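Source file: run-v5.txt (compact mmCIF, C-alpha atoms)
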# COMPACT_ATOMS: atom_id res chain seq x y z
CA MET W 1 -32.49 1.57 -5.46
CA ASN W 2 -31.87 -1.67 -7.33
CA ILE W 3 -28.22 -2.22 -6.37
CA ASP W 4 -27.44 -4.77 -9.06
CA GLN W 5 -28.89 -2.56 -11.79
CA TYR W 6 -27.12 0.53 -10.42
CA MET W 7 -23.73 -1.19 -10.21
CA THR W 8 -24.13 -2.77 -13.65
CA ASP W 9 -24.77 0.68 -15.10
CA LEU W 10 -21.61 2.03 -13.42
CA GLY W 11 -19.64 -0.91 -14.77
CA ARG W 12 -20.94 -0.53 -18.32
CA ARG W 13 -20.10 3.16 -18.36
CA ALA W 14 -16.66 2.54 -16.85
CA ARG W 15 -15.87 -0.08 -19.50
CA ALA W 16 -16.79 2.35 -22.29
CA ALA W 17 -14.73 5.11 -20.64
CA SER W 18 -11.73 2.79 -20.25
CA ARG W 19 -11.44 2.47 -24.01
CA ALA W 20 -11.25 6.23 -24.38
CA MET W 21 -8.74 6.48 -21.54
CA ALA W 22 -6.50 3.85 -23.13
CA ARG W 23 -6.00 6.10 -26.15
CA ALA W 24 -5.88 9.40 -24.23
CA SER W 25 -2.75 11.47 -24.77
CA THR W 26 -0.35 12.27 -21.96
CA ALA W 27 -1.15 15.96 -22.44
CA ALA W 28 -4.88 15.37 -21.97
CA LYS W 29 -4.36 13.27 -18.84
CA ASN W 30 -2.03 15.84 -17.32
CA ALA W 31 -4.45 18.64 -18.19
CA ALA W 32 -7.23 16.76 -16.41
CA LEU W 33 -5.12 16.24 -13.28
CA ASN W 34 -4.15 19.90 -13.11
CA ALA W 35 -7.76 20.96 -13.74
CA VAL W 36 -8.91 18.80 -10.80
CA ALA W 37 -6.23 20.40 -8.63
CA ASP W 38 -7.46 23.85 -9.67
CA ALA W 39 -11.06 22.87 -8.92
CA ILE W 40 -10.17 21.67 -5.40
CA GLU W 41 -8.34 24.94 -4.74
CA ARG W 42 -11.39 26.93 -5.84
CA GLU W 43 -14.06 24.85 -4.14
CA SER W 44 -14.73 24.96 -0.40
CA LEU W 45 -15.23 21.41 0.87
CA LYS W 46 -15.24 22.30 4.56
CA ALA W 47 -19.04 22.43 4.92
CA THR W 48 -19.45 19.09 3.17
CA ASN W 49 -16.75 17.55 5.33
CA ALA W 50 -18.38 18.98 8.47
CA ARG W 51 -21.56 17.01 7.73
CA ASP W 52 -19.57 13.79 7.34
CA LEU W 53 -17.73 14.52 10.59
CA ALA W 54 -20.97 15.20 12.47
CA ARG W 55 -22.41 11.84 11.43
CA ALA W 56 -19.19 10.06 12.40
CA ARG W 57 -19.25 11.63 15.86
CA GLU W 58 -22.91 10.68 16.29
CA LYS W 59 -21.96 7.07 15.56
CA GLY W 60 -19.31 7.20 18.28
CA HIS W 61 -16.17 6.87 16.15
CA ASP W 62 -12.90 7.47 18.00
CA ALA W 63 -10.49 10.38 17.63
CA ALA W 64 -8.17 8.52 15.25
CA PHE W 65 -11.08 7.78 12.91
CA ILE W 66 -12.24 11.40 13.03
CA ASP W 67 -8.70 12.53 12.24
CA ARG W 68 -8.55 10.32 9.13
CA LEU W 69 -11.92 11.65 8.00
CA THR W 70 -11.09 15.35 8.47
CA LEU W 71 -10.29 17.47 5.42
CA SER W 72 -8.01 20.02 7.05
CA ASP W 73 -6.26 22.74 5.08
CA LYS W 74 -3.15 20.58 5.19
CA ALA W 75 -5.06 17.56 3.84
CA LEU W 76 -6.54 19.62 1.00
CA ASN W 77 -3.14 21.07 0.12
CA THR W 78 -1.72 17.55 0.10
CA MET W 79 -4.44 16.45 -2.32
CA VAL W 80 -3.62 19.31 -4.67
CA GLU W 81 0.10 18.66 -4.44
CA GLY W 82 -0.45 14.95 -5.07
CA LEU W 83 -2.41 15.66 -8.24
CA ARG W 84 0.30 17.96 -9.55
CA GLN W 85 3.01 15.42 -8.66
CA VAL W 86 1.24 12.66 -10.58
CA ALA W 87 0.83 15.01 -13.55
CA ALA W 88 4.59 15.56 -13.47
CA LEU W 89 5.41 11.82 -13.50
CA ALA W 90 6.43 10.11 -16.72
CA ASP W 91 3.53 8.44 -18.51
CA PRO W 92 4.16 4.68 -18.70
CA ILE W 93 1.45 3.95 -21.26
CA GLY W 94 2.66 3.00 -24.74
CA GLU W 95 6.25 2.53 -23.65
CA ILE W 96 7.91 -0.33 -25.59
CA SER W 97 10.75 -2.18 -23.91
CA GLY W 98 13.04 -5.09 -24.71
CA LEU W 99 12.65 -4.81 -28.48
CA LYS W 100 14.87 -7.46 -30.10
CA TYR W 101 15.31 -8.91 -33.57
CA ARG W 102 14.55 -12.61 -33.99
CA PRO W 103 16.22 -14.88 -36.59
CA SER W 104 13.03 -14.67 -38.65
CA GLY W 105 13.55 -10.92 -39.08
CA ILE W 106 10.70 -9.79 -36.82
CA GLN W 107 11.23 -7.54 -33.80
CA VAL W 108 9.59 -8.63 -30.53
CA GLY W 109 9.10 -6.40 -27.48
CA GLN W 110 6.60 -5.51 -24.79
CA MET W 111 4.31 -2.51 -24.55
CA ARG W 112 2.95 -1.15 -21.28
CA VAL W 113 -0.85 -0.81 -21.36
CA PRO W 114 -3.64 0.03 -18.88
CA LEU W 115 -5.36 -2.72 -16.89
CA GLY W 116 -8.77 -1.37 -17.97
CA VAL W 117 -11.31 -0.81 -15.17
CA ILE W 118 -10.13 -0.78 -11.56
CA GLY W 119 -12.52 -1.05 -8.65
CA ILE W 120 -11.16 0.50 -5.45
CA ILE W 121 -12.78 -0.19 -2.07
CA TYR W 122 -11.56 1.86 0.89
CA GLU W 123 -12.68 3.17 4.23
CA SER W 124 -12.81 6.58 5.85
CA ARG W 125 -10.03 8.60 4.19
CA PRO W 126 -11.46 10.98 1.55
CA ASN W 127 -7.92 11.73 0.31
CA VAL W 128 -7.87 8.20 -1.12
CA THR W 129 -10.55 9.33 -3.58
CA ILE W 130 -8.11 11.79 -5.09
CA ASP W 131 -5.00 9.60 -4.85
CA ALA W 132 -6.76 6.64 -6.47
CA ALA W 133 -8.41 8.72 -9.18
CA ALA W 134 -5.12 10.43 -10.02
CA LEU W 135 -3.15 7.21 -10.41
CA CYS W 136 -5.88 5.47 -12.39
CA LEU W 137 -6.32 8.47 -14.66
CA LYS W 138 -2.58 8.89 -15.37
CA SER W 139 -2.18 5.16 -16.06
CA GLY W 140 -5.00 5.28 -18.62
CA ASN W 141 -7.56 3.32 -16.58
CA ALA W 142 -11.15 3.95 -15.67
CA THR W 143 -12.07 3.46 -12.02
CA ILE W 144 -15.08 2.87 -9.80
CA LEU W 145 -14.47 4.13 -6.26
CA ARG W 146 -16.39 2.78 -3.30
CA GLY W 147 -15.39 4.76 -0.21
CA GLY W 148 -16.58 4.37 3.35
CA SER W 149 -20.13 5.45 4.17
CA GLU W 150 -18.83 8.01 6.68
CA ALA W 151 -17.14 9.99 3.88
CA LEU W 152 -19.97 9.65 1.36
CA GLU W 153 -20.72 13.37 1.00
CA CYS W 154 -17.04 14.32 0.65
CA ASN W 155 -16.37 11.53 -1.83
CA THR W 156 -19.39 12.50 -3.92
CA ALA W 157 -18.31 16.15 -3.93
CA LEU W 158 -14.77 15.19 -4.91
CA ALA W 159 -16.10 12.99 -7.71
CA LYS W 160 -17.94 15.99 -9.15
CA LEU W 161 -14.71 18.03 -9.11
CA ILE W 162 -12.87 15.18 -10.81
CA GLY W 163 -15.63 15.14 -13.44
CA VAL W 164 -15.08 18.87 -14.01
CA GLY W 165 -11.37 18.26 -14.59
CA LEU W 166 -11.98 15.37 -16.98
CA ALA W 167 -14.49 17.36 -19.00
CA ALA W 168 -12.13 20.33 -19.20
CA ALA W 169 -9.50 18.05 -20.74
CA GLY W 170 -11.93 16.44 -23.18
CA LEU W 171 -11.89 13.09 -21.38
CA PRO W 172 -14.98 11.02 -20.44
CA GLN W 173 -16.39 11.92 -17.02
CA ASP W 174 -17.30 8.26 -16.53
CA ALA W 175 -13.58 7.48 -16.26
CA VAL W 176 -13.89 8.16 -12.51
CA GLN W 177 -17.15 7.21 -10.80
CA VAL W 178 -17.94 7.12 -7.09
CA VAL W 179 -20.51 4.65 -5.78
CA GLU W 180 -23.15 6.98 -4.33
CA THR W 181 -24.76 4.53 -1.93
CA ALA W 182 -23.72 3.32 1.50
CA ASP W 183 -25.46 -0.02 0.96
CA ARG W 184 -22.93 -2.81 1.64
CA ALA W 185 -24.54 -4.86 -1.11
CA ALA W 186 -22.83 -2.55 -3.61
CA VAL W 187 -19.46 -4.00 -2.58
CA GLY W 188 -20.75 -7.54 -3.01
CA THR W 189 -21.86 -6.74 -6.55
CA LEU W 190 -18.72 -4.80 -7.48
CA ILE W 191 -16.33 -7.64 -6.60
CA LYS W 192 -18.22 -10.09 -8.84
CA MET W 193 -18.58 -7.92 -11.95
CA THR W 194 -16.00 -9.78 -14.02
CA GLN W 195 -17.53 -8.55 -17.28
CA TYR W 196 -16.77 -4.93 -16.36
CA ILE W 197 -14.04 -4.87 -13.67
CA ASP W 198 -10.49 -6.05 -14.37
CA VAL W 199 -9.01 -5.78 -10.87
CA ILE W 200 -10.09 -4.80 -7.35
CA VAL W 201 -7.82 -2.84 -5.01
CA PRO W 202 -9.04 -2.98 -1.39
CA ARG W 203 -7.70 -0.51 1.19
CA GLY W 204 -9.05 -1.33 4.60
CA GLY W 205 -8.91 -3.50 7.68
CA LYS W 206 -8.64 -7.26 8.04
CA SER W 207 -12.39 -7.83 8.07
CA LEU W 208 -12.84 -6.09 4.72
CA ILE W 209 -9.94 -7.95 3.10
CA ALA W 210 -11.08 -11.29 4.53
CA ARG W 211 -14.58 -10.75 3.16
CA LEU W 212 -13.28 -9.87 -0.29
CA MET W 213 -10.91 -12.84 -0.36
CA GLU W 214 -13.85 -15.12 0.34
CA GLU W 215 -16.40 -13.55 -1.99
CA ALA W 216 -14.55 -11.82 -4.85
CA ARG W 217 -14.49 -13.23 -8.35
CA VAL W 218 -12.51 -10.28 -9.74
CA PRO W 219 -8.70 -10.53 -9.18
CA MET W 220 -7.34 -8.36 -6.37
CA ILE W 221 -4.19 -6.40 -5.53
CA LYS W 222 -4.17 -6.54 -1.73
CA HIS W 223 -2.35 -7.00 1.53
CA LEU W 224 -3.64 -8.38 4.81
CA ASP W 225 -1.02 -7.64 7.48
CA GLY W 226 2.15 -5.66 7.95
CA ILE W 227 4.12 -7.89 10.32
CA CYS W 228 7.48 -6.24 9.72
CA HIS W 229 10.81 -7.25 11.26
CA VAL W 230 14.20 -5.70 11.88
CA TYR W 231 17.06 -8.13 12.44
CA VAL W 232 20.12 -6.74 14.24
CA ASP W 233 23.07 -8.85 13.12
CA ASP W 234 26.11 -9.50 15.33
CA ARG W 235 28.11 -7.43 12.84
CA ALA W 236 25.83 -4.42 13.13
CA ASP W 237 26.91 -0.88 13.94
CA LEU W 238 25.24 -0.26 17.31
CA ALA W 239 24.42 3.41 16.66
CA LYS W 240 22.81 2.51 13.33
CA ALA W 241 20.86 -0.30 14.98
CA VAL W 242 19.37 1.98 17.63
CA ALA W 243 18.47 4.70 15.10
CA VAL W 244 16.93 2.30 12.57
CA CYS W 245 14.95 0.26 15.12
CA ASP W 246 13.71 3.34 16.97
CA ASN W 247 12.43 4.91 13.77
CA ALA W 248 10.97 1.65 12.46
CA LYS W 249 8.83 1.30 15.58
CA THR W 250 8.10 4.75 16.97
CA HIS W 251 7.94 7.06 13.93
CA ARG W 252 4.27 6.05 13.59
CA TYR W 253 2.55 3.14 15.31
CA GLY W 254 -0.53 2.65 13.17
CA THR W 255 1.01 1.99 9.75
CA CYS W 256 1.54 -1.26 7.86
CA ASN W 257 5.30 -0.63 7.50
CA THR W 258 5.95 -0.23 11.24
CA MET W 259 8.26 -2.81 12.86
CA GLU W 260 6.30 -5.29 14.97
CA THR W 261 9.07 -7.80 15.84
CA LEU W 262 12.71 -7.09 16.71
CA LEU W 263 15.17 -9.95 16.20
CA ILE W 264 18.67 -9.69 17.67
CA ALA W 265 21.65 -11.98 17.07
CA ARG W 266 22.83 -13.74 20.22
CA GLY W 267 26.39 -12.51 19.68
CA ILE W 268 25.42 -8.84 20.05
CA ALA W 269 22.39 -9.13 22.35
CA GLU W 270 24.17 -8.07 25.57
CA GLN W 271 25.51 -4.93 23.86
CA ALA W 272 22.51 -3.99 21.70
CA LEU W 273 19.40 -5.08 23.56
CA PRO W 274 19.67 -2.90 26.72
CA PRO W 275 20.10 0.44 24.87
CA LEU W 276 17.33 -0.53 22.47
CA ALA W 277 15.01 -1.46 25.34
CA ARG W 278 15.71 1.81 27.15
CA THR W 279 14.99 3.75 23.95
CA PHE W 280 11.63 2.02 23.52
CA GLN W 281 10.60 2.20 27.17
CA ALA W 282 11.38 5.93 27.24
CA LYS W 283 8.61 6.22 24.63
CA ASP W 284 6.23 3.92 26.55
CA VAL W 285 6.56 1.00 24.14
CA GLU W 286 5.56 -2.28 25.79
CA LEU W 287 8.18 -5.00 25.23
CA ARG W 288 6.98 -8.59 24.84
CA VAL W 289 10.12 -10.68 25.15
CA ASP W 290 11.26 -14.28 24.86
CA ALA W 291 12.98 -15.94 27.83
CA GLU W 292 16.51 -15.24 26.60
CA SER W 293 15.76 -11.55 26.00
CA ARG W 294 14.26 -11.28 29.49
CA ALA W 295 17.43 -12.72 31.01
CA VAL W 296 19.65 -10.26 29.16
CA LEU W 297 17.50 -7.27 30.05
CA GLU W 298 17.04 -8.18 33.70
CA ALA W 299 20.81 -8.59 34.02
CA ALA W 300 20.99 -4.96 32.84
CA ASN W 301 18.41 -3.95 35.50
CA ILE W 302 15.65 -3.37 32.97
CA GLY W 303 12.19 -4.45 34.08
CA GLY W 304 8.59 -3.82 33.04
CA LEU W 305 8.73 -6.68 30.55
CA VAL W 306 5.93 -8.93 29.31
CA ASP W 307 6.50 -12.56 28.35
CA ALA W 308 5.91 -13.11 24.63
CA THR W 309 3.49 -15.81 23.53
CA GLU W 310 3.47 -17.76 20.29
CA GLU W 311 0.72 -15.43 19.06
CA ASP W 312 2.96 -12.37 19.45
CA TRP W 313 5.28 -13.50 16.65
CA SER W 314 2.42 -13.28 14.13
CA THR W 315 0.61 -10.18 15.44
CA GLU W 316 0.35 -6.77 13.78
CA TYR W 317 -0.07 -4.53 16.83
CA LEU W 318 -0.46 -1.13 15.15
CA ALA W 319 0.27 0.15 18.67
CA PRO W 320 3.21 0.91 21.01
CA VAL W 321 3.87 -2.81 21.54
CA LEU W 322 6.95 -4.67 20.27
CA ALA W 323 7.81 -8.37 20.25
CA VAL W 324 11.51 -9.09 20.92
CA LYS W 325 13.44 -12.30 20.31
CA ILE W 326 17.08 -13.35 20.41
CA VAL W 327 18.10 -15.63 17.54
CA ALA W 328 21.29 -17.59 16.97
CA ASP W 329 22.28 -16.06 13.66
CA LEU W 330 21.20 -14.83 10.24
CA ASP W 331 19.79 -18.22 9.25
CA GLU W 332 17.48 -18.41 12.27
CA ALA W 333 16.42 -14.79 11.73
CA MET W 334 15.46 -15.43 8.11
CA GLU W 335 13.66 -18.63 9.04
CA HIS W 336 11.64 -16.74 11.67
CA ILE W 337 10.78 -13.94 9.23
CA ASN W 338 9.69 -16.30 6.46
CA ASP W 339 7.63 -18.39 8.92
CA TYR W 340 5.92 -15.62 10.91
CA GLY W 341 6.08 -12.53 8.69
CA SER W 342 3.44 -11.28 6.29
CA HIS W 343 5.84 -10.78 3.34
CA HIS W 344 5.47 -7.01 3.62
CA THR W 345 8.72 -5.31 4.71
CA ASP W 346 11.75 -6.59 6.60
CA ALA W 347 15.19 -5.10 7.34
CA ILE W 348 18.66 -6.16 8.45
CA VAL W 349 21.19 -4.00 10.27
CA THR W 350 24.70 -5.26 9.49
CA GLU W 351 28.12 -4.15 8.27
CA ASP W 352 28.70 -7.52 6.59
CA HIS W 353 28.09 -7.21 2.83
CA ASP W 354 27.70 -10.95 2.20
CA ARG W 355 25.11 -11.30 4.95
CA ALA W 356 23.25 -8.26 3.67
CA MET W 357 23.10 -9.75 0.17
CA ARG W 358 21.88 -13.09 1.53
CA PHE W 359 19.13 -11.29 3.45
CA LEU W 360 18.04 -9.44 0.28
CA ARG W 361 17.94 -12.66 -1.74
CA GLU W 362 16.42 -15.06 0.78
CA VAL W 363 13.82 -13.05 2.74
CA ASP W 364 10.54 -13.54 0.89
CA SER W 365 9.01 -10.08 1.31
CA ALA W 366 7.77 -7.33 -0.98
CA SER W 367 10.35 -4.84 0.36
CA VAL W 368 13.67 -5.90 1.89
CA MET W 369 16.09 -3.36 3.36
CA VAL W 370 19.67 -3.06 4.58
CA ASN W 371 20.53 -0.54 7.32
CA ALA W 372 17.31 1.41 6.78
CA SER W 373 13.99 1.78 8.59
CA THR W 374 11.02 -0.25 7.43
CA ARG W 375 9.08 3.03 7.41
CA PHE W 376 10.63 3.75 4.00
CA ALA W 377 8.33 1.14 2.40
CA ASP W 378 6.14 3.79 0.82
CA GLY W 379 5.37 4.86 -2.72
CA PHE W 380 6.47 8.46 -2.16
CA GLU W 381 9.74 7.42 -0.51
CA PHE W 382 10.40 4.96 -3.35
CA GLY W 383 9.94 7.72 -5.92
CA LEU W 384 6.64 6.44 -7.28
CA GLY W 385 4.68 9.58 -6.42
CA VAL W 386 1.28 8.86 -4.88
CA GLU W 387 0.67 5.17 -4.16
CA ILE W 388 -2.61 3.32 -4.34
CA GLY W 389 -1.55 0.89 -1.62
CA ILE W 390 1.07 -1.70 -0.72
CA SER W 391 0.76 -5.26 -1.96
CA ASN W 392 2.38 -8.27 -0.32
CA ASP W 393 1.04 -10.55 -3.04
CA LYS W 394 3.47 -11.91 -5.63
CA LEU W 395 1.09 -11.35 -8.57
CA HIS W 396 0.36 -8.90 -10.18
CA ALA W 397 2.07 -6.08 -8.28
CA ARG W 398 4.32 -6.33 -5.22
CA GLY W 399 5.28 -3.64 -2.72
CA PRO W 400 4.10 -0.02 -3.08
CA VAL W 401 1.72 0.17 -6.05
CA GLY W 402 2.23 3.23 -8.23
CA LEU W 403 1.60 3.87 -11.91
CA ASP W 404 3.41 0.79 -13.21
CA GLY W 405 1.44 -1.41 -10.79
CA LEU W 406 -1.78 -0.27 -12.48
CA THR W 407 -0.58 -1.36 -15.90
CA SER W 408 0.13 -4.60 -17.72
CA LEU W 409 2.40 -5.65 -20.56
CA LYS W 410 1.50 -7.07 -23.93
CA TYR W 411 3.83 -8.42 -26.56
CA VAL W 412 4.21 -6.42 -29.75
CA VAL W 413 5.74 -7.66 -32.99
CA LEU W 414 7.15 -5.42 -35.71
CA GLY W 415 7.70 -6.95 -39.11
CA ARG W 416 8.32 -6.14 -42.76
CA GLY W 417 6.17 -8.82 -44.35
CA GLU W 418 7.85 -11.84 -42.73
CA VAL W 419 5.94 -15.14 -42.72
CA ARG W 420 6.65 -18.14 -40.55
CA GLN W 421 8.41 -21.00 -42.34
Could you take the file, read its structure, and then write that structure out as C-alpha cells?
Amino acid sequence: MNIDQYMTDLGRRARAASRAMARASTAAKNAALNAVADAIERESLKATNARDLARAREKGHDAAFIDRLTLSDKALNTMVEGLRQVAALADPIGEISGLKYRPSGIQVGQMRVPLGVIGIIYESRPNVTIDAAALCLKSGNATILRGGSEALECNTALAKLIGVGLAAAGLPQDAVQVVETADRAAVGTLIKMTQYIDVIVPRGGKSLIARLMEEARVPMIKHLDGICHVYVDDRADLAKAVAVCDNAKTHRYGTCNTMETLLIARGIAEQALPPLARTFQAKDVELRVDAESRAVLEAANIGGLVDATEEDWSTEYLAPVLAVKIVADLDEAMEHINDYGSHHTDAIVTEDHDRAMRFLREVDSASVMVNASTRFADGFEFGLGVEIGISNDKLHARGPVGLDGLTSLKYVVLGRGEVRQ
C-alpha cells in the first residue's frame, strides 16, 4: 500500500463529505445517529472483538489494556446509549448569537459552524470510534479516525455500521472514515495533511502526544498530563474535605482528572491531615510527603510514609500514589498549582466565599472547582453528553470537549442595502 496516496484519498473524500455535512439538517444527522445505534444493536461484534483480543494477548498486553479493548455487553450498550444521547442534544450548527445593530444600520452577530474535517488519533478503546464519530457527525464535521492497531478489526467493523447509518439518513458515507492500516506512517501523513484536515484530536499516552507536538503541521486539540490538585483551606469543613479528597483520589486511579497532589493549609494541617492519611492508607494509597507533613503525621502515630522529591510535584501517577504538601495559605497553594500543575483540573475545599472566588479567578486551569471532587471534570458530568476528550490548551477548546468544542464561530452581517460612508 502506498500510504501517502491512501491517506490523500481519504482526505480528499473527507473534504468533499464535510461540505455536505455542513449543510445537513438536524433531522438527518439525528436519523443517522439513531440508525447507527440500531445497527450496533442488530450486529454481533463479539467474534470480531475476540480476534482483536486474541492478538492483544499474543503480544503480551496487560489486563488493563485487555479490559479497555473488550467490547462487553455493557460497553456495547453504552455505545448505543451514547449515540442516542448525542442525537437528543441540541444542534449547535447555524445558531446565531450576539446579534446587535450598529450605528450604520447593519446587524452584526456570530454564527456557529463546523470546523470541517477532524482527524482523531487514539489507542485501544473501540468505543472511542463511536463517541468520536457521533460528536463529529452531530456537529456537522467529517472525520478520519485512526485507532490503535490492536482494535483494527473492531474499528473497521464499526466504521461499516456507521456507514450504514449515514446512508440510511441520506448523508455521505465518507463523512466518517477509519484508517484501515496499522502502518504508523499513516499517522505521520495524517498530521501533515493541512490541505484536507482542519484539526487533529489525539487521545493517547505521553509518547503519542509528544510525537504529534513535534511533527504535526495541522493544529491540535490536546492535553499532555492530568496533574490535578485539591487544596484544603484552613476554613474548610473537615467532613467535606475528607469526602472530596477521598473521591478525587480513589474513585479511579488511572484517569486524567484524578487528584495527584494534596495541598493542605498549615492552619488546619494537624486537624485535617491525619484523618485524610488514614483514609488513604486504608485503601493502600502510598503517601509521598514533604518534611512538614511527615512531622504532623508522625506526631499522630501514622507511619509508612515516603519522602517526596521535587519530581513528585510534577508527576501524574495514574496509580494509588499521592503527593502531600503543607502550604502556608491560599497564595502559596495557588502558586504551587500554577507552577507544577498541568492546567487540567484543580479544586479548593473552603467555607470562605472570597477565597473560593479568588481560587476560581486565579488558578490557571481548564476546570476549577469549589468543594467538589476533581473527578467531575468530564463531559457527561458537565452536561455535554459524550466528550471527545479533555483539553488543557487555551486555544481552541478548553476543558471537556463536546459539540461546541468541535465548532467555530464566524461573523455574520445582516443589512438592508447599507453602504459604508
So, with only C-alpha atoms as the atoms that count, which of W:Ala39, W:Val80, W:Ala64, W:Ala167 lies closest to Ser124 (chain W)? W:Ala64
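Between CA of Val324 (chain W) and CA of Glu310 (chain W) lies a distance of 11.8 Å.
Closest approach to Pro92 (chain W) from the set W:Ile130, W:Leu135, W:Gly165, W:His223 is made by W:Leu135, with distances taken over all atoms listed in the file.
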With a distance cut-off of 12 Å and all atoms listed in the file, select the neighbouring residues of Phe359 (chain W), excluding the residue or stretch itself and same-chain residues fewer than 3 positions from it, and output the selection as JSON, numbers by chain. {"W": [230, 231, 232, 233, 329, 330, 331, 332, 333, 334, 335, 337, 338, 346, 347, 348, 349, 350, 352, 353, 354, 355, 356, 362, 363, 364, 365, 367, 368, 369, 370, 371]}
Within 9 Å of Ala300 (chain W), counting all atoms listed in the file, which residues show up once you throw out same-chain ones fewer than 4 positions away? Write them as a PDB file with C-alpha atoms, in the frame of the given file, please.
ATOM      1  CA  GLU W 270      24.170  -8.070  25.570  1.00  0.00           C
ATOM      2  CA  PRO W 274      19.670  -2.900  26.720  1.00  0.00           C
ATOM      3  CA  ALA W 295      17.430 -12.720  31.010  1.00  0.00           C
ATOM      4  CA  VAL W 296      19.650 -10.260  29.160  1.00  0.00           C
TER       5      VAL W 296
END
Please provide the set of residues having any atom within 8 Å of Tyr196 (chain W), restricted to only C-alpha atoms, with same-chain residues fewer than 3 positions apart removed, written as a tab-separated table (two decimals) with C-alpha atoms, in the coordinates of the input.
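Once written, out23.tsv looks like this:
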chain	number	residue	atom	x	y	z
W	11	GLY	CA	-19.64	-0.91	-14.77
W	12	ARG	CA	-20.94	-0.53	-18.32
W	14	ALA	CA	-16.66	2.54	-16.85
W	15	ARG	CA	-15.87	-0.08	-19.50
W	117	VAL	CA	-11.31	-0.81	-15.17
W	193	MET	CA	-18.58	-7.92	-11.95
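With CA of Glu180 (chain W) on one side and CA of Leu152 (chain W) on the other, the separation reads 7.0 Å.
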Mind giving me the straight-line distance from CA of Ile191 (chain W) to CA of Ala20 (chain W) in Å, one decimal? 23.1 Å
Show me the residues around (-15.6, 1.5, -2.2) - criterion: an atom at most 9 Å away, all atoms listed in the file counted - as a ChimeraX atom specification. /W:119-123,144-149,178-179,186-187,190,202-203
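Using all atoms listed in the file, the shortest contact distance between Gly379 (chain W) and any of W:Asp237, W:Glu418, W:Asp404, W:Glu58 is found at W:Asp404.
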Need the shell around Asn30 (chain W): protein/DNA/RNA residues with any atom at most 12 Å away, counting all atoms listed in the file. Skip same-chain ones fewer than 5 positions apart. Format as a PyMOL selection string? chain W and resi 24-25+35-37+83-91+134-135+137-140+165-166+168-171
Do you know which residues are at most 10 Å from Lys249 (chain W) counting all atoms listed in the file, after dropping those on the same chain fewer than 3 positions away, and could you put them as a list in words? Cys228, His229, Val230, Val244, Cys245, Asp246, Arg252, Tyr253, Gly254, Thr255, Asn257, Thr258, Met259, Glu260, Thr261, Leu262, Phe280, Val285, Leu318, Ala319, Pro320, Val321, Leu322, Ser373, Thr374 and Arg375 of chain W
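Nearest to Leu45 (chain W) of all the residues W:Leu71, W:Leu115, W:Ala265, W:Met21 is W:Leu71, based on all atoms listed in the file.
Each of W:Glu351, W:Asp378, W:Glu387, W:Asp9 was compared to Leu238 (chain W) using all atoms listed in the file, and W:Glu351 turns out to be the nearest.
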Closest to Thr407 (chain W) among W:Ile390, W:Ala323, W:Cys136, W:Ala372, using only C-alpha atoms? W:Cys136
Test item: axis-aligned box, all listed atoms of region 318-331 of chain W, 4 Å on each side, centre and edges in Å rounded to one decimal, as JSON:
{"center_x": 10.9, "center_y": -8.7, "center_z": 15.4, "size_x": 30.7, "size_y": 27.1, "size_z": 20.3}
